[in-house]
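**Student:** I have a structure here, written as structure tokens, and I will follow up with some questions on it.
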Amino acid sequence: MLRENRYDNSTDEELIYRLRDGEDAIMDFICEKYKNLVRSKAKSMFILGGDSEDLIQEGMIGLFKAVRDYDSGRDASFYTFADLCISRQMYTAVQASGRQKHFPLNNYVSLDSSPGRKGSQEDIRLLEALAARTEPNPEEVFLDKERVAYLENTIENELSAFEKQVLDLYMTGMSYTQIAKVLGRSEKATDNALQRLKSKIKKRL
């Protein structure tokens with residue numbers, strides 16, 4: 001605890017410089033400090049098909065890269081830079097696994113508003129037609145599976161590669177500005193892609 005209290009009095013940026021000067025114990029402190037951020041992101045990426053423990057490991061790799069590459073003269077705060085590096089590392093791992101799941105039945109977001117924005121009363125939700133039911137009968141289960149297959153087919157055949165990436169991250173609850181940073185694209189291009197994919201999917205609902 002004494003070591004943590006001593007480091008708590010310094011900013012992340014100061015700690016990075018001290019770490020690079022040879023104060024190796026600081027790395028353990030940074031890992032402990034950011035572990036909750038990594039776990040939180042692992043939970044959101046899990047709905048894309050990633051394994052939770054694997055994603056936590058990838059997130060820690062992203063954190064190490066952030067410590068290695070951070071430049072206070074070029075980047076924003078270390079927290080912002082670490083957040084970006086962790087997200088990128090996890091998403092790359094999910095993409096590489098080839099196990100993305102666009103439509104988990106218990107997770108969906110509004111197609112009419114970005115996370116954090118208030119939508120209209122007539123919001124069409126991505127999985128409204130597939131909302132969880134209590135004690136569904138076999139016929140309802142069959143219809144739900146058909147609808148999921150139909151929507152997944154729409155995504156596969158009608159969305160561009162970029163739009164699929166945007167949708168993947170949008171399903172984790174990220175805003176288009178966060179998505180733009182993870183994918184290394186402009187906010188305008190990302191928001192345009194989000195609006196296009198919403199339109200394409202709503203036509204099939």
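Ordering of the structure tokens sets the chain letters (A, B, ...), residue numbers begin anew at 1 in every chain, and ligands are numbered from 1 in the order given.
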Per residue of segment 152-201 of chain A within 10 Å of segment 32-44 of chain A, which atom pair is closest and at what distance in Å (one decimal), using only C-alpha atoms, listed by chain and increasing number, as JSON lines?

**Tutor:**
```
{"residue": "A:Leu169", "atom": "CA", "partner": "A:Ser44", "partner_atom": "CA", "distance": 9.0}
{"residue": "A:Met171", "atom": "CA", "partner": "A:Ser44", "partner_atom": "CA", "distance": 8.4}
{"residue": "A:Thr172", "atom": "CA", "partner": "A:Ser44", "partner_atom": "CA", "distance": 5.0}
{"residue": "A:Gly173", "atom": "CA", "partner": "A:Ser44", "partner_atom": "CA", "distance": 7.5}
{"residue": "A:Met174", "atom": "CA", "partner": "A:Ser44", "partner_atom": "CA", "distance": 9.1}
```

**Student:** So, counting only C-alpha atoms, which residue among A:Thr177, A:Thr92, A:Asn9, A:Ser160 is closest to Arg196 of chain A?

**Tutor:**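 Checking each of A:Thr177, A:Thr92, A:Asn9, A:Ser160 against Arg196 of chain A, counting only C-alpha atoms, the winner is A:Ser160.
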
**Student:** I'd like the contact shell of Tyr17 of chain A - 12 Å cut-off, only C-alpha atoms, skipping same-chain residues fewer than 2 positions apart - returned as a list in words.

**Tutor:**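 Skipping anything fewer than 2 positions along the chain leaves Ser10, Thr11, Asp12, Glu13, Glu14, Leu15, Leu19, Arg20, Asp21, Gly22, Glu23, Asp24, Ile26, Met27, Val67, Arg68, Asp69, Tyr70, Asp71, Ser72 and Phe78 of chain A.
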
**Student:** Quick one: residues within 8 Å of Ala193 of chain A, only C-alpha atoms, excluding same-chain residues fewer than 5 positions away - as a PyMOL selection string?

**Tutor:** chain A and resi 162-163+166

**Student:** The selected residues should be written to file as a PDB file, in the first residue's frame (atoms: all heavy atoms).

**Tutor:**
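Contents of again_34.pdb, freshly written:
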```
ATOM      1  N   PHE A 162     -16.158  -1.965 -44.070  1.00  0.00           N
ATOM      2  CA  PHE A 162     -16.067  -0.881 -43.088  1.00  0.00           C
ATOM      3  C   PHE A 162     -17.346  -0.781 -42.267  1.00  0.00           C
ATOM      4  O   PHE A 162     -17.308  -0.605 -41.046  1.00  0.00           O
ATOM      5  CB  PHE A 162     -15.782   0.437 -43.804  1.00  0.00           C
ATOM      6  CG  PHE A 162     -15.698   1.638 -42.898  1.00  0.00           C
ATOM      7  CD1 PHE A 162     -14.973   1.581 -41.718  1.00  0.00           C
ATOM      8  CD2 PHE A 162     -16.326   2.826 -43.236  1.00  0.00           C
ATOM      9  CE1 PHE A 162     -14.880   2.687 -40.873  1.00  0.00           C
ATOM     10  CE2 PHE A 162     -16.241   3.931 -42.416  1.00  0.00           C
ATOM     11  CZ  PHE A 162     -15.513   3.867 -41.228  1.00  0.00           C
ATOM     12  N   GLU A 163     -18.489  -0.896 -42.918  1.00  0.00           N
ATOM     13  CA  GLU A 163     -19.762  -0.832 -42.206  1.00  0.00           C
ATOM     14  C   GLU A 163     -19.902  -1.975 -41.209  1.00  0.00           C
ATOM     15  O   GLU A 163     -20.446  -1.801 -40.116  1.00  0.00           O
ATOM     16  CB  GLU A 163     -20.926  -0.850 -43.208  1.00  0.00           C
ATOM     17  CG  GLU A 163     -21.060   0.444 -43.991  1.00  0.00           C
ATOM     18  CD  GLU A 163     -21.985   0.325 -45.189  1.00  0.00           C
ATOM     19  OE1 GLU A 163     -22.407  -0.809 -45.527  1.00  0.00           O
ATOM     20  OE2 GLU A 163     -22.291   1.361 -45.810  1.00  0.00           O
ATOM     21  N   VAL A 166     -17.868  -1.031 -38.186  1.00  0.00           N
ATOM     22  CA  VAL A 166     -18.570  -0.014 -37.411  1.00  0.00           C
ATOM     23  C   VAL A 166     -19.704  -0.657 -36.610  1.00  0.00           C
ATOM     24  O   VAL A 166     -19.888  -0.359 -35.419  1.00  0.00           O
ATOM     25  CB  VAL A 166     -19.122   1.094 -38.328  1.00  0.00           C
ATOM     26  CG1 VAL A 166     -20.029   2.047 -37.549  1.00  0.00           C
ATOM     27  CG2 VAL A 166     -17.978   1.876 -38.970  1.00  0.00           C
TER      28      VAL A 166
END
```

**Student:** In Å, how far is it from atom CA of Phe64 of chain A to atom CA of Ile30 of chain A?

**Tutor:**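 Atom-to-atom, atom CA of Phe64 of chain A to atom CA of Ile30 of chain A, that is 9.4 Å.
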
**Student:** Which of these, A:Ala93, A:Lys200, A:Ile155, A:Asp28, has the shortest distance to Ser52 of chain A once you count only C-alpha atoms?

**Tutor:**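 For Ser52 of chain A, the nearest of the candidates is A:Ala93.
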
**Student:** With distances taken over only C-alpha atoms, which of A:Asp191, A:Tyr79, A:Met90, A:Lys65 is nearest to Glu53 of chain A?

**Tutor:** A:Met90

**Student:** Counting only C-alpha atoms, which residue out of A:Cys31, A:Cys85, A:Leu55, A:Ile201 sits closest to Leu183 of chain A?

**Tutor:**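 So, comparing all the options, the nearest one is A:Cys85.
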